[in-house]
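Raw contents of start-v6.pdb, PDB, C-alpha atoms:
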ATOM      1  CA  MET H   1     115.286  23.263  55.180
ATOM      2  CA  ASP H   2     115.304  25.101  51.861
ATOM      3  CA  LEU H   3     114.467  28.763  51.436
ATOM      4  CA  SER H   4     110.973  28.475  49.983
ATOM      5  CA  LYS H   5     109.527  30.819  47.385
ATOM      6  CA  SER H   6     106.959  32.056  49.904
ATOM      7  CA  LYS H   7     109.659  32.993  52.448
ATOM      8  CA  LEU H   8     111.717  34.620  49.743
ATOM      9  CA  LYS H   9     108.693  36.654  48.639
ATOM     10  CA  TYR H  10     107.995  37.614  52.255
ATOM     11  CA  ILE H  11     111.569  38.807  52.819
ATOM     12  CA  ARG H  12     111.614  40.812  49.615
ATOM     13  CA  SER H  13     108.295  42.454  50.519
ATOM     14  CA  LEU H  14     109.911  43.973  53.606
ATOM     15  CA  LYS H  15     111.759  46.416  51.401
ATOM     16  CA  GLU H  16     108.493  48.379  51.358
ATOM     17  CA  LYS H  17     107.216  50.259  54.397
ATOM     18  CA  LYS H  18     103.581  49.129  54.001
ATOM     19  CA  TYR H  19     104.596  45.493  54.422
ATOM     20  CA  ARG H  20     106.986  46.247  57.286
ATOM     21  CA  THR H  21     104.068  47.960  59.005
ATOM     22  CA  GLU H  22     101.634  45.154  58.177
ATOM     23  CA  PHE H  23     103.892  42.386  59.481
ATOM     24  CA  GLY H  24     105.620  44.380  62.220
ATOM     25  CA  THR H  25     109.028  43.145  61.118
ATOM     26  CA  PHE H  26     112.215  44.403  59.451
ATOM     27  CA  VAL H  27     115.332  43.041  57.752
ATOM     28  CA  ALA H  28     118.924  43.262  58.945
ATOM     29  CA  GLU H  29     121.936  41.879  57.112
ATOM     30  CA  GLY H  30     125.581  41.193  57.850
ATOM     31  CA  ASN H  31     127.480  39.237  60.473
ATOM     32  CA  LYS H  32     128.131  42.058  62.936
ATOM     33  CA  LEU H  33     124.755  43.759  62.613
ATOM     34  CA  VAL H  34     122.738  40.588  63.067
ATOM     35  CA  THR H  35     124.958  39.337  65.893
ATOM     36  CA  ASP H  36     124.573  42.685  67.705
ATOM     37  CA  LEU H  37     120.777  42.657  67.393
ATOM     38  CA  LEU H  38     120.107  39.006  68.292
ATOM     39  CA  PRO H  39     120.479  39.395  72.095
ATOM     40  CA  PHE H  40     118.151  42.402  72.222
ATOM     41  CA  ILE H  41     115.426  42.062  69.570
ATOM     42  CA  LYS H  42     113.251  39.013  68.925
ATOM     43  CA  CYS H  43     114.227  37.287  65.676
ATOM     44  CA  GLN H  44     111.533  35.708  63.522
ATOM     45  CA  LEU H  45     113.670  34.284  60.731
ATOM     46  CA  LEU H  46     117.405  33.763  60.333
ATOM     47  CA  ILE H  47     118.932  32.566  57.087
ATOM     48  CA  GLY H  48     122.673  32.084  56.994
ATOM     49  CA  THR H  49     125.516  30.120  55.560
ATOM     50  CA  HIS H  50     126.951  27.096  57.349
ATOM     51  CA  THR H  51     130.028  29.141  58.290
ATOM     52  CA  PHE H  52     127.914  31.782  60.029
ATOM     53  CA  LEU H  53     125.522  29.421  61.785
ATOM     54  CA  GLU H  54     128.180  27.025  63.073
ATOM     55  CA  GLY H  55     128.399  27.432  66.849
ATOM     56  CA  LEU H  56     125.842  30.269  66.970
ATOM     57  CA  ASP H  57     123.181  30.102  69.689
ATOM     58  CA  VAL H  58     119.892  30.279  67.786
ATOM     59  CA  SER H  59     117.684  28.792  70.500
ATOM     60  CA  ASP H  60     115.539  31.950  70.677
ATOM     61  CA  VAL H  61     115.091  32.306  66.915
ATOM     62  CA  GLU H  62     111.709  31.144  65.613
ATOM     63  CA  ASP H  63     112.934  29.846  62.252
ATOM     64  CA  VAL H  64     116.515  29.110  61.135
ATOM     65  CA  ILE H  65     117.428  28.148  57.563
ATOM     66  CA  GLU H  66     120.904  27.224  56.377
ATOM     67  CA  VAL H  67     121.524  28.442  52.837
ATOM     68  CA  THR H  68     124.250  28.656  50.247
ATOM     69  CA  GLU H  69     125.734  32.008  49.304
ATOM     70  CA  SER H  70     123.796  31.969  46.023
ATOM     71  CA  GLN H  71     120.504  31.346  47.864
ATOM     72  CA  LEU H  72     121.302  34.165  50.273
ATOM     73  CA  ALA H  73     121.954  36.484  47.342
ATOM     74  CA  GLN H  74     118.391  35.888  46.105
ATOM     75  CA  ALA H  75     116.970  37.271  49.352
ATOM     76  CA  SER H  76     119.528  39.971  50.072
ATOM     77  CA  PHE H  77     119.008  43.710  49.572
ATOM     78  CA  LEU H  78     122.790  44.215  49.421
ATOM     79  CA  GLN H  79     125.069  44.132  46.399
ATOM     80  CA  ASN H  80     127.492  41.989  48.373
ATOM     81  CA  PRO H  81     125.596  39.719  50.823
ATOM     82  CA  GLN H  82     127.472  38.921  54.055
ATOM     83  CA  GLN H  83     126.616  35.358  55.100
ATOM     84  CA  VAL H  84     123.421  36.150  56.991
ATOM     85  CA  LEU H  85     120.057  37.877  56.692
ATOM     86  CA  ALA H  86     117.602  38.107  59.576
ATOM     87  CA  VAL H  87     114.004  39.216  59.971
ATOM     88  CA  PHE H  88     113.382  40.811  63.364
ATOM     89  CA  TYR H  89     110.175  41.913  65.065
ATOM     90  CA  GLN H  90     109.862  45.669  65.450
ATOM     91  CA  PRO H  91     110.260  46.449  69.164
ATOM     92  CA  LYS H  92     107.320  48.145  70.847
ATOM     93  CA  GLN H  93     108.436  51.566  72.037
ATOM     94  CA  PRO H  94     107.199  52.788  75.434
ATOM     95  CA  GLU H  95     104.774  55.701  75.496
ATOM     96  CA  ASN H  96     105.205  58.934  77.467
ATOM     97  CA  VAL H  97     108.964  58.551  77.938
ATOM     98  CA  ASN H  98     110.309  60.888  80.619
ATOM     99  CA  VAL H  99     113.312  62.687  79.140
ATOM    100  CA  ASP H 100     113.776  65.245  81.919
ATOM    101  CA  SER H 101     117.187  64.000  83.013
ATOM    102  CA  GLN H 102     118.425  63.065  79.537
ATOM    103  CA  LEU H 103     119.961  64.606  76.490
ATOM    104  CA  THR H 104     117.534  63.818  73.665
ATOM    105  CA  ILE H 105     117.552  64.301  69.895
ATOM    106  CA  ALA H 106     114.490  65.451  67.929
ATOM    107  CA  LEU H 107     114.499  65.061  64.141
ATOM    108  CA  ASP H 108     112.311  67.307  62.008
ATOM    109  CA  GLY H 109     111.728  65.751  58.596
ATOM    110  CA  ILE H 110     115.026  63.916  58.026
ATOM    111  CA  GLN H 111     114.574  62.196  54.655
ATOM    112  CA  ASP H 112     117.800  60.429  53.794
ATOM    113  CA  PRO H 113     117.970  56.871  55.238
ATOM    114  CA  GLY H 114     121.757  57.058  55.517
ATOM    115  CA  ASN H 115     121.528  60.267  57.566
ATOM    116  CA  LEU H 116     118.942  58.785  59.910
ATOM    117  CA  GLY H 117     120.922  55.595  60.414
ATOM    118  CA  THR H 118     124.105  57.544  61.073
ATOM    119  CA  ILE H 119     122.349  59.798  63.607
ATOM    120  CA  ILE H 120     121.049  56.727  65.467
ATOM    121  CA  ARG H 121     124.584  55.343  65.535
ATOM    122  CA  LEU H 122     125.880  58.691  66.825
ATOM    123  CA  ALA H 123     123.236  58.735  69.544
ATOM    124  CA  ASP H 124     124.396  55.309  70.662
ATOM    125  CA  TRP H 125     128.019  56.468  70.749
ATOM    126  CA  TYR H 126     127.189  59.516  72.855
ATOM    127  CA  GLY H 127     124.867  57.731  75.284
ATOM    128  CA  ILE H 128     121.647  59.286  73.963
ATOM    129  CA  HIS H 129     118.912  56.718  74.477
ATOM    130  CA  ASN H 130     115.893  58.343  72.800
ATOM    131  CA  ILE H 131     115.313  59.999  69.438
ATOM    132  CA  PHE H 132     111.931  61.597  68.667
ATOM    133  CA  CYS H 133     111.046  61.986  64.993
ATOM    134  CA  SER H 134     108.376  63.908  63.123
ATOM    135  CA  GLN H 135     105.966  61.648  61.284
ATOM    136  CA  ASP H 136     107.535  62.548  57.922
ATOM    137  CA  THR H 137     111.028  61.486  58.963
ATOM    138  CA  ALA H 138     112.408  58.439  57.110
ATOM    139  CA  ASP H 139     111.283  55.053  58.440
ATOM    140  CA  VAL H 140     113.725  53.679  61.003
ATOM    141  CA  TYR H 141     113.121  50.142  59.679
ATOM    142  CA  ASN H 142     114.001  50.998  56.092
ATOM    143  CA  PRO H 143     116.765  48.469  55.239
ATOM    144  CA  LYS H 144     119.192  51.294  54.423
ATOM    145  CA  VAL H 145     118.567  52.910  57.812
ATOM    146  CA  VAL H 146     118.981  49.603  59.644
ATOM    147  CA  GLN H 147     122.299  48.906  57.897
ATOM    148  CA  ALA H 148     123.616  52.409  58.674
ATOM    149  CA  THR H 149     122.863  52.039  62.400
ATOM    150  CA  MET H 150     125.442  49.237  62.686
ATOM    151  CA  GLY H 151     123.498  47.647  65.552
ATOM    152  CA  ALA H 152     122.685  50.839  67.457
ATOM    153  CA  LEU H 153     118.966  49.988  67.171
ATOM    154  CA  ALA H 154     119.567  47.543  70.008
ATOM    155  CA  ARG H 155     120.266  50.419  72.390
ATOM    156  CA  VAL H 156     118.526  53.526  71.000
ATOM    157  CA  SER H 157     114.733  53.919  71.013
ATOM    158  CA  VAL H 158     113.289  55.790  68.028
ATOM    159  CA  HIS H 159     109.822  57.306  68.480
ATOM    160  CA  TYR H 160     107.547  58.858  65.829
ATOM    161  CA  THR H 161     105.312  61.611  67.113
ATOM    162  CA  ASP H 162     103.833  65.050  66.536
ATOM    163  CA  LEU H 163     107.039  66.981  67.188
ATOM    164  CA  SER H 164     105.245  70.208  68.129
ATOM    165  CA  VAL H 165     103.226  68.408  70.790
ATOM    166  CA  PHE H 166     106.348  66.657  72.095
ATOM    167  CA  LEU H 167     108.286  69.918  72.408
ATOM    168  CA  ILE H 168     105.391  71.788  74.032
ATOM    169  CA  ARG H 169     104.984  68.941  76.535
ATOM    170  CA  ASN H 170     108.680  69.319  77.378
ATOM    171  CA  LYS H 171     108.921  73.110  77.269
ATOM    172  CA  HIS H 172     110.308  73.097  80.826
ATOM    173  CA  LEU H 173     113.533  71.716  79.290
ATOM    174  CA  PRO H 174     116.098  73.636  77.239
ATOM    175  CA  ILE H 175     115.259  73.130  73.555
ATOM    176  CA  TYR H 176     118.271  73.662  71.326
ATOM    177  CA  GLY H 177     118.216  74.136  67.578
ATOM    178  CA  THR H 178     121.021  74.457  65.047
ATOM    179  CA  LEU H 179     120.250  77.530  62.923
ATOM    180  CA  LEU H 180     122.270  79.764  60.635
ATOM    181  CA  ASP H 181     121.272  82.832  62.694
ATOM    182  CA  GLY H 182     122.093  81.118  65.984
ATOM    183  CA  LYS H 183     124.893  81.994  68.397
ATOM    184  CA  ASN H 184     128.314  80.369  68.344
ATOM    185  CA  MET H 185     127.704  77.126  70.233
ATOM    186  CA  TYR H 186     131.218  77.126  71.710
ATOM    187  CA  GLU H 187     130.456  80.393  73.511
ATOM    188  CA  GLN H 188     127.044  79.410  74.923
ATOM    189  CA  THR H 189     126.037  77.841  78.205
ATOM    190  CA  ILE H 190     124.541  74.419  77.552
ATOM    191  CA  SER H 191     123.107  71.855  79.938
ATOM    192  CA  GLU H 192     123.557  68.118  80.458
ATOM    193  CA  ASN H 193     119.878  67.544  79.660
ATOM    194  CA  GLY H 194     117.554  69.019  77.078
ATOM    195  CA  ILE H 195     116.419  68.432  73.514
ATOM    196  CA  ILE H 196     118.534  69.012  70.405
ATOM    197  CA  VAL H 197     116.415  69.638  67.297
ATOM    198  CA  MET H 198     117.931  68.844  63.899
ATOM    199  CA  GLY H 199     116.145  69.847  60.705
ATOM    200  CA  ASN H 200     115.474  68.592  57.201
ATOM    201  CA  GLU H 201     118.425  68.246  54.798
ATOM    202  CA  GLY H 202     117.192  70.906  52.384
ATOM    203  CA  ASN H 203     114.809  73.100  54.368
ATOM    204  CA  GLY H 204     116.141  72.950  57.896
ATOM    205  CA  ILE H 205     113.803  73.226  60.876
ATOM    206  CA  ARG H 206     110.235  74.103  59.870
ATOM    207  CA  PRO H 207     108.812  77.412  61.231
ATOM    208  CA  GLU H 208     106.309  75.871  63.659
ATOM    209  CA  ILE H 209     109.104  73.866  65.276
ATOM    210  CA  GLU H 210     111.612  76.717  65.168
ATOM    211  CA  LYS H 211     109.370  78.963  67.268
ATOM    212  CA  LEU H 212     109.538  76.398  70.094
ATOM    213  CA  ILE H 213     113.340  76.487  70.258
ATOM    214  CA  THR H 214     114.642  78.299  73.333
ATOM    215  CA  GLN H 215     118.359  78.378  72.481
ATOM    216  CA  ARG H 216     119.516  78.920  68.912
ATOM    217  CA  LEU H 217     122.967  77.504  68.222
ATOM    218  CA  TYR H 218     125.344  77.886  65.300
ATOM    219  CA  ILE H 219     128.310  75.696  64.391
ATOM    220  CA  PRO H 220     130.941  78.220  63.262
ATOM    221  CA  ASN H 221     133.140  77.592  60.279
ATOM    222  CA  TYR H 222     136.890  78.159  60.280
ATOM    223  CA  PRO H 223     138.284  80.697  59.934
ATOM    224  CA  LEU H 224     135.306  82.755  61.023
ATOM    225  CA  GLY H 225     133.688  84.765  58.238
ATOM    226  CA  SER H 226     135.520  83.019  55.414
ATOM    227  CA  SER H 227     133.776  81.895  52.247
ATOM    228  CA  THR H 228     132.705  78.291  52.717
ATOM    229  CA  SER H 229     129.986  75.711  52.077
ATOM    230  CA  GLU H 230     126.453  76.910  52.757
ATOM    231  CA  SER H 231     125.797  74.289  55.409
ATOM    232  CA  LEU H 232     126.869  70.968  56.888
ATOM    233  CA  ASN H 233     125.328  67.577  56.248
ATOM    234  CA  VAL H 234     122.773  66.990  59.027
ATOM    235  CA  ALA H 235     124.460  63.827  60.306
ATOM    236  CA  ILE H 236     127.835  65.599  60.490
ATOM    237  CA  ALA H 237     126.235  68.574  62.244
ATOM    238  CA  THR H 238     124.607  66.197  64.751
ATOM    239  CA  ALA H 239     127.982  64.602  65.463
ATOM    240  CA  ILE H 240     129.633  67.976  66.089
ATOM    241  CA  ILE H 241     126.924  69.287  68.392
ATOM    242  CA  CYS H 242     126.579  66.044  70.374
ATOM    243  CA  ALA H 243     130.342  65.894  70.824
ATOM    244  CA  GLU H 244     130.326  69.417  72.240
ATOM    245  CA  PHE H 245     127.477  68.659  74.656
ATOM    246  CA  ARG H 246     129.285  65.588  75.952
ATOM    247  CA  ARG H 247     132.671  67.332  76.083
ATOM    248  CA  ARG H 248     131.259  69.862  78.550
ATOM    249  CA  ILE H 249     130.478  67.158  81.121
ATOM    250  CA  LEU H 250     133.660  65.067  80.857
TER     251      LEU H 250
END
Kindly present the structure from the file in structure tokens form.
Amino acid sequence: MDLSKSKLKYIRSLKEKKYRTEFGTFVAEGNKLVTDLLPFIKCQLLIGTHTFLEGLDVSDVEDVIEVTESQLAQASFLQNPQQVLAVFYQPKQPENVNVDSQLTIALDGIQDPGNLGTIIRLADWYGIHNIFCSQDTADVYNPKVVQATMGALARVSVHYTDLSVFLIRNKHLPIYGTLLDGKNMYEQTISENGIIVMGNEGNGIRPEIEKLITQRLYIPNYPLGSSTSESLNVAIATAIICAEFRRRIL
């Protein structure tokens, strides 16, 4: 079956959030990413080269189209297409998730798709199963976010919510925030569960969220007090703080 103009138009439309929302689908590309997602998320459309499709179990895929590399390039969002592009249904996320016994990440206005995708991948690495995002955080199904997750979307649930309401509802838990006036995180008592709030790339954590934080943490530079960069990239900061939380329980 050829890749029709209508399917090509449909795939290309999914670069925009309004169409991803309308159709309830998203695009993933690349051999590893697509292979990682296939067992966990329902696939609507799979277009791939003969080399990729040969021997692959596609019995659960609604529509499979074998294409040439040049045909794939017409649909791809990547500069260098990687043998396969898939359209997946957006998973329905459960409501009222109980995070009492978990370590959870809350993202306040993260804008860069690469940062969001990297944070999701970090959460997967450190066994963090839920991320709660403010409504103005980048869309998890943005193609750039999906690519940066490297398949972690199969194991990490990303929820969009009113972050203030979420934190107030969970005020019985420790709520950690990384702030420049916080205390050295390596010298503080931290728990196995709780919520780690990470703020916007340029503005940090907004005031109404900051007032809900119960433990203010700071990632110290080295050597202490030396002249250095003003701040860390939010994805790097998330990696450092999550690594420290997990190190404490090993």
**Asked** Applied to the shown file, which residues does the PyMOL selection byres ((chain H and resi 146) around 9) return, written as a list of chain:residue names?
**Response** H:Phe26, H:Val27, H:Ala28, H:Glu29, H:Leu33, H:Pro113, H:Gly114, H:Gly117, H:Val140, H:Tyr141, H:Asn142, H:Pro143, H:Lys144, H:Val145, H:Gln147, H:Ala148, H:Thr149, H:Met150, H:Gly151, H:Ala152, H:Leu153
**Request:** Quote the spacing between CA of Thr68 in chain H and CA of Leu37 in chain H in Å to one decimal place.
**Result:** 22.4 Å
Step by step, work through what the PyMOL selection byres ((chain H and resi 226-242) around 8) selects in the shown file, and finish by giving those residues as a PDB file with C-alpha atoms, in the coordinates of the input.
ATOM      1  CA  ASN H 115     121.528  60.267  57.566  1.00  0.00           C
ATOM      2  CA  LEU H 116     118.942  58.785  59.910  1.00  0.00           C
ATOM      3  CA  THR H 118     124.105  57.544  61.073  1.00  0.00           C
ATOM      4  CA  ILE H 119     122.349  59.798  63.607  1.00  0.00           C
ATOM      5  CA  LEU H 122     125.880  58.691  66.825  1.00  0.00           C
ATOM      6  CA  TYR H 126     127.189  59.516  72.855  1.00  0.00           C
ATOM      7  CA  MET H 198     117.931  68.844  63.899  1.00  0.00           C
ATOM      8  CA  GLY H 199     116.145  69.847  60.705  1.00  0.00           C
ATOM      9  CA  ASN H 200     115.474  68.592  57.201  1.00  0.00           C
ATOM     10  CA  GLU H 201     118.425  68.246  54.798  1.00  0.00           C
ATOM     11  CA  ILE H 219     128.310  75.696  64.391  1.00  0.00           C
ATOM     12  CA  ASN H 221     133.140  77.592  60.279  1.00  0.00           C
ATOM     13  CA  TYR H 222     136.890  78.159  60.280  1.00  0.00           C
ATOM     14  CA  PRO H 223     138.284  80.697  59.934  1.00  0.00           C
ATOM     15  CA  LEU H 224     135.306  82.755  61.023  1.00  0.00           C
ATOM     16  CA  GLY H 225     133.688  84.765  58.238  1.00  0.00           C
ATOM     17  CA  ALA H 243     130.342  65.894  70.824  1.00  0.00           C
ATOM     18  CA  GLU H 244     130.326  69.417  72.240  1.00  0.00           C
ATOM     19  CA  PHE H 245     127.477  68.659  74.656  1.00  0.00           C
ATOM     20  CA  ARG H 246     129.285  65.588  75.952  1.00  0.00           C
TER      21      ARG H 246
END
**Message:** Once the PyMOL selection byres ((chain H and resi 59) around 12) has been evaluated on this model, what residues remain selected, and can you format them as a VMD selection string?
**Reply:** chain H and resid 38 to 39 42 to 46 53 55 to 58 60 to 64
**Request:** Return the single residue from H:Arg206, H:Arg216, H:His129, H:His159 that is closest to Gly177 in chain H, with distances computed using all atoms listed in the file.
**Result:**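 With all atoms listed in the file as the atom set, the closest residue is H:Arg216.
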**Asked** Which residues come within 7 Å of Thr214 in chain H, counting all atoms listed in the file, excluding same-chain residues fewer than 4 positions away, as a ChimeraX atom specification?
**Response** /H:174-176
**Request:** Compile the contact shell of range 93-97 of chain H as a list of chain:residue names: residues with an atom at most 9 Å away, counting all atoms listed in the file, same-chain residues fewer than 6 positions apart removed.
**Result:** H:Asn130, H:Ser157, H:Val158, H:His159
**Complete:** From CA of Ser6 in chain H to CA of Phe23 in chain H the spacing works out at 14.4 Å
**Message:** Can you pull out the residues contacting Ser76 in chain H? Cut-off 7 Å, using all atoms listed in the file, and skip same-chain residues under 4 positions away; I want them as a list in words.
**Reply:**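 What passes the distance filter is Leu72, Pro81 and Leu85 of chain H.
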**Request:** Considering all atoms listed in the file, state which residue in the set H:Arg247, H:Ile110, H:Ile195, H:Asn80 is at the smallest distance from Ile168 in chain H.
**Result:**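 Of all the options, H:Ile195 lies closest to Ile168 in chain H.
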**Request:** Using all atoms listed in the file, pick whichever of H:Glu69, H:Asp136, H:Glu54, H:Asp108 has the shortest atom-to-atom distance to Leu3 in chain H.
**Result:**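 Using all atoms listed in the file, Leu3 in chain H sits closest to H:Glu69.
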**Request:** Please measure the separation of CA of Leu163 in chain H and CA of Ala106 in chain H, giving the value in Å to one decimal.
**Result:**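 Distance between the two atoms: 7.6 Å.
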**Asked** For Ile213 in chain H, which of H:Lys183, H:Lys171, H:Arg20, H:Lys15 is the closest residue, counting all atoms listed in the file?
**Response**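 Using all atoms listed in the file, Ile213 in chain H sits closest to H:Lys171.
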**Message:** Taking (123.0, 64.5, 80.6) as a centre in this file's frame and 9 Å as the limit, can you find every polymer residue with an atom that close, using all atoms listed in the file, and give them as a PyMOL selection string?
**Reply:** chain H and resi 101-104+127-128+191-194+245-246+249
**Message:** Which residues are close to Tyr19 in chain H, i.e. within 9 Å by all atoms listed in the file, leaving aside same-chain residues fewer than 6 positions away? Reply as a ChimeraX atom specification.
**Reply:** /H:10,13,25
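Of the residues under consideration (H:Ile105, H:Phe88, H:Asp112, H:Glu210), H:Ile105 shows the shortest atom-to-atom contact distance to Ile196 in chain H when counting all atoms listed in the file.
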Please rebuild range 139-167 of chain H with N, CA and C atoms and give the result as a PDB file, in the frame of the given file.
ATOM      1  N   ASP H 139     111.652  56.191  57.598  1.00  0.00           N
ATOM      2  CA  ASP H 139     111.283  55.053  58.440  1.00  0.00           C
ATOM      3  C   ASP H 139     112.531  54.394  59.021  1.00  0.00           C
ATOM      4  N   VAL H 140     112.568  54.263  60.326  1.00  0.00           N
ATOM      5  CA  VAL H 140     113.725  53.679  61.003  1.00  0.00           C
ATOM      6  C   VAL H 140     113.987  52.240  60.566  1.00  0.00           C
ATOM      7  N   TYR H 141     112.943  51.542  60.073  1.00  0.00           N
ATOM      8  CA  TYR H 141     113.121  50.142  59.679  1.00  0.00           C
ATOM      9  C   TYR H 141     113.358  49.961  58.181  1.00  0.00           C
ATOM     10  N   ASN H 142     113.535  51.070  57.470  1.00  0.00           N
ATOM     11  CA  ASN H 142     114.001  50.998  56.092  1.00  0.00           C
ATOM     12  C   ASN H 142     115.334  50.238  56.103  1.00  0.00           C
ATOM     13  N   PRO H 143     115.523  49.244  55.210  1.00  0.00           N
ATOM     14  CA  PRO H 143     116.765  48.469  55.239  1.00  0.00           C
ATOM     15  C   PRO H 143     118.033  49.309  55.212  1.00  0.00           C
ATOM     16  N   LYS H 144     118.012  50.442  54.492  1.00  0.00           N
ATOM     17  CA  LYS H 144     119.192  51.294  54.423  1.00  0.00           C
ATOM     18  C   LYS H 144     119.469  51.971  55.764  1.00  0.00           C
ATOM     19  N   VAL H 145     118.397  52.329  56.480  1.00  0.00           N
ATOM     20  CA  VAL H 145     118.567  52.910  57.812  1.00  0.00           C
ATOM     21  C   VAL H 145     119.147  51.862  58.757  1.00  0.00           C
ATOM     22  N   VAL H 146     118.543  50.685  58.753  1.00  0.00           N
ATOM     23  CA  VAL H 146     118.981  49.603  59.644  1.00  0.00           C
ATOM     24  C   VAL H 146     120.464  49.302  59.437  1.00  0.00           C
ATOM     25  N   GLN H 147     120.886  49.199  58.170  1.00  0.00           N
ATOM     26  CA  GLN H 147     122.299  48.906  57.897  1.00  0.00           C
ATOM     27  C   GLN H 147     123.200  50.021  58.420  1.00  0.00           C
ATOM     28  N   ALA H 148     122.781  51.276  58.258  1.00  0.00           N
ATOM     29  CA  ALA H 148     123.616  52.409  58.674  1.00  0.00           C
ATOM     30  C   ALA H 148     123.734  52.528  60.186  1.00  0.00           C
ATOM     31  N   THR H 149     122.791  51.947  60.936  1.00  0.00           N
ATOM     32  CA  THR H 149     122.863  52.039  62.400  1.00  0.00           C
ATOM     33  C   THR H 149     123.958  51.155  62.977  1.00  0.00           C
ATOM     34  N   MET H 150     124.387  50.152  62.234  1.00  0.00           N
ATOM     35  CA  MET H 150     125.442  49.237  62.686  1.00  0.00           C
ATOM     36  C   MET H 150     125.142  48.629  64.061  1.00  0.00           C
ATOM     37  N   GLY H 151     123.878  48.307  64.304  1.00  0.00           N
ATOM     38  CA  GLY H 151     123.498  47.647  65.552  1.00  0.00           C
ATOM     39  C   GLY H 151     123.021  48.574  66.647  1.00  0.00           C
ATOM     40  N   ALA H 152     123.089  49.883  66.425  1.00  0.00           N
ATOM     41  CA  ALA H 152     122.685  50.839  67.457  1.00  0.00           C
ATOM     42  C   ALA H 152     121.199  50.741  67.792  1.00  0.00           C
ATOM     43  N   LEU H 153     120.397  50.165  66.898  1.00  0.00           N
ATOM     44  CA  LEU H 153     118.966  49.988  67.171  1.00  0.00           C
ATOM     45  C   LEU H 153     118.724  49.143  68.410  1.00  0.00           C
ATOM     46  N   ALA H 154     119.701  48.364  68.808  1.00  0.00           N
ATOM     47  CA  ALA H 154     119.567  47.543  70.008  1.00  0.00           C
ATOM     48  C   ALA H 154     119.561  48.393  71.270  1.00  0.00           C
ATOM     49  N   ARG H 155     120.096  49.605  71.179  1.00  0.00           N
ATOM     50  CA  ARG H 155     120.266  50.419  72.390  1.00  0.00           C
ATOM     51  C   ARG H 155     119.594  51.794  72.333  1.00  0.00           C
ATOM     52  N   VAL H 156     119.159  52.217  71.151  1.00  0.00           N
ATOM     53  CA  VAL H 156     118.526  53.526  71.000  1.00  0.00           C
ATOM     54  C   VAL H 156     117.065  53.335  70.602  1.00  0.00           C
ATOM     55  N   SER H 157     116.163  53.988  71.326  1.00  0.00           N
ATOM     56  CA  SER H 157     114.733  53.919  71.013  1.00  0.00           C
ATOM     57  C   SER H 157     114.365  55.086  70.098  1.00  0.00           C
ATOM     58  N   VAL H 158     113.691  54.764  68.998  1.00  0.00           N
ATOM     59  CA  VAL H 158     113.289  55.790  68.028  1.00  0.00           C
ATOM     60  C   VAL H 158     111.771  55.886  68.035  1.00  0.00           C
ATOM     61  N   HIS H 159     111.259  57.083  68.330  1.00  0.00           N
ATOM     62  CA  HIS H 159     109.822  57.306  68.480  1.00  0.00           C
ATOM     63  C   HIS H 159     109.339  58.247  67.380  1.00  0.00           C
ATOM     64  N   TYR H 160     108.174  57.968  66.811  1.00  0.00           N
ATOM     65  CA  TYR H 160     107.547  58.858  65.829  1.00  0.00           C
ATOM     66  C   TYR H 160     106.362  59.539  66.492  1.00  0.00           C
ATOM     67  N   THR H 161     106.311  60.857  66.364  1.00  0.00           N
ATOM     68  CA  THR H 161     105.312  61.611  67.113  1.00  0.00           C
ATOM     69  C   THR H 161     105.029  62.944  66.420  1.00  0.00           C
ATOM     70  N   ASP H 162     104.051  63.666  66.935  1.00  0.00           N
ATOM     71  CA  ASP H 162     103.833  65.050  66.536  1.00  0.00           C
ATOM     72  C   ASP H 162     104.887  65.863  67.277  1.00  0.00           C
ATOM     73  N   LEU H 163     105.889  66.344  66.548  1.00  0.00           N
ATOM     74  CA  LEU H 163     107.039  66.981  67.188  1.00  0.00           C
ATOM     75  C   LEU H 163     106.656  68.246  67.948  1.00  0.00           C
ATOM     76  N   SER H 164     105.688  68.996  67.425  1.00  0.00           N
ATOM     77  CA  SER H 164     105.245  70.208  68.129  1.00  0.00           C
ATOM     78  C   SER H 164     104.675  69.856  69.490  1.00  0.00           C
ATOM     79  N   VAL H 165     103.828  68.843  69.523  1.00  0.00           N
ATOM     80  CA  VAL H 165     103.226  68.408  70.790  1.00  0.00           C
ATOM     81  C   VAL H 165     104.300  67.930  71.757  1.00  0.00           C
ATOM     82  N   PHE H 166     105.260  67.161  71.251  1.00  0.00           N
ATOM     83  CA  PHE H 166     106.348  66.657  72.095  1.00  0.00           C
ATOM     84  C   PHE H 166     107.151  67.807  72.708  1.00  0.00           C
ATOM     85  N   LEU H 167     107.485  68.809  71.893  1.00  0.00           N
ATOM     86  CA  LEU H 167     108.286  69.918  72.408  1.00  0.00           C
ATOM     87  C   LEU H 167     107.494  70.782  73.379  1.00  0.00           C
TER      88      LEU H 167
END
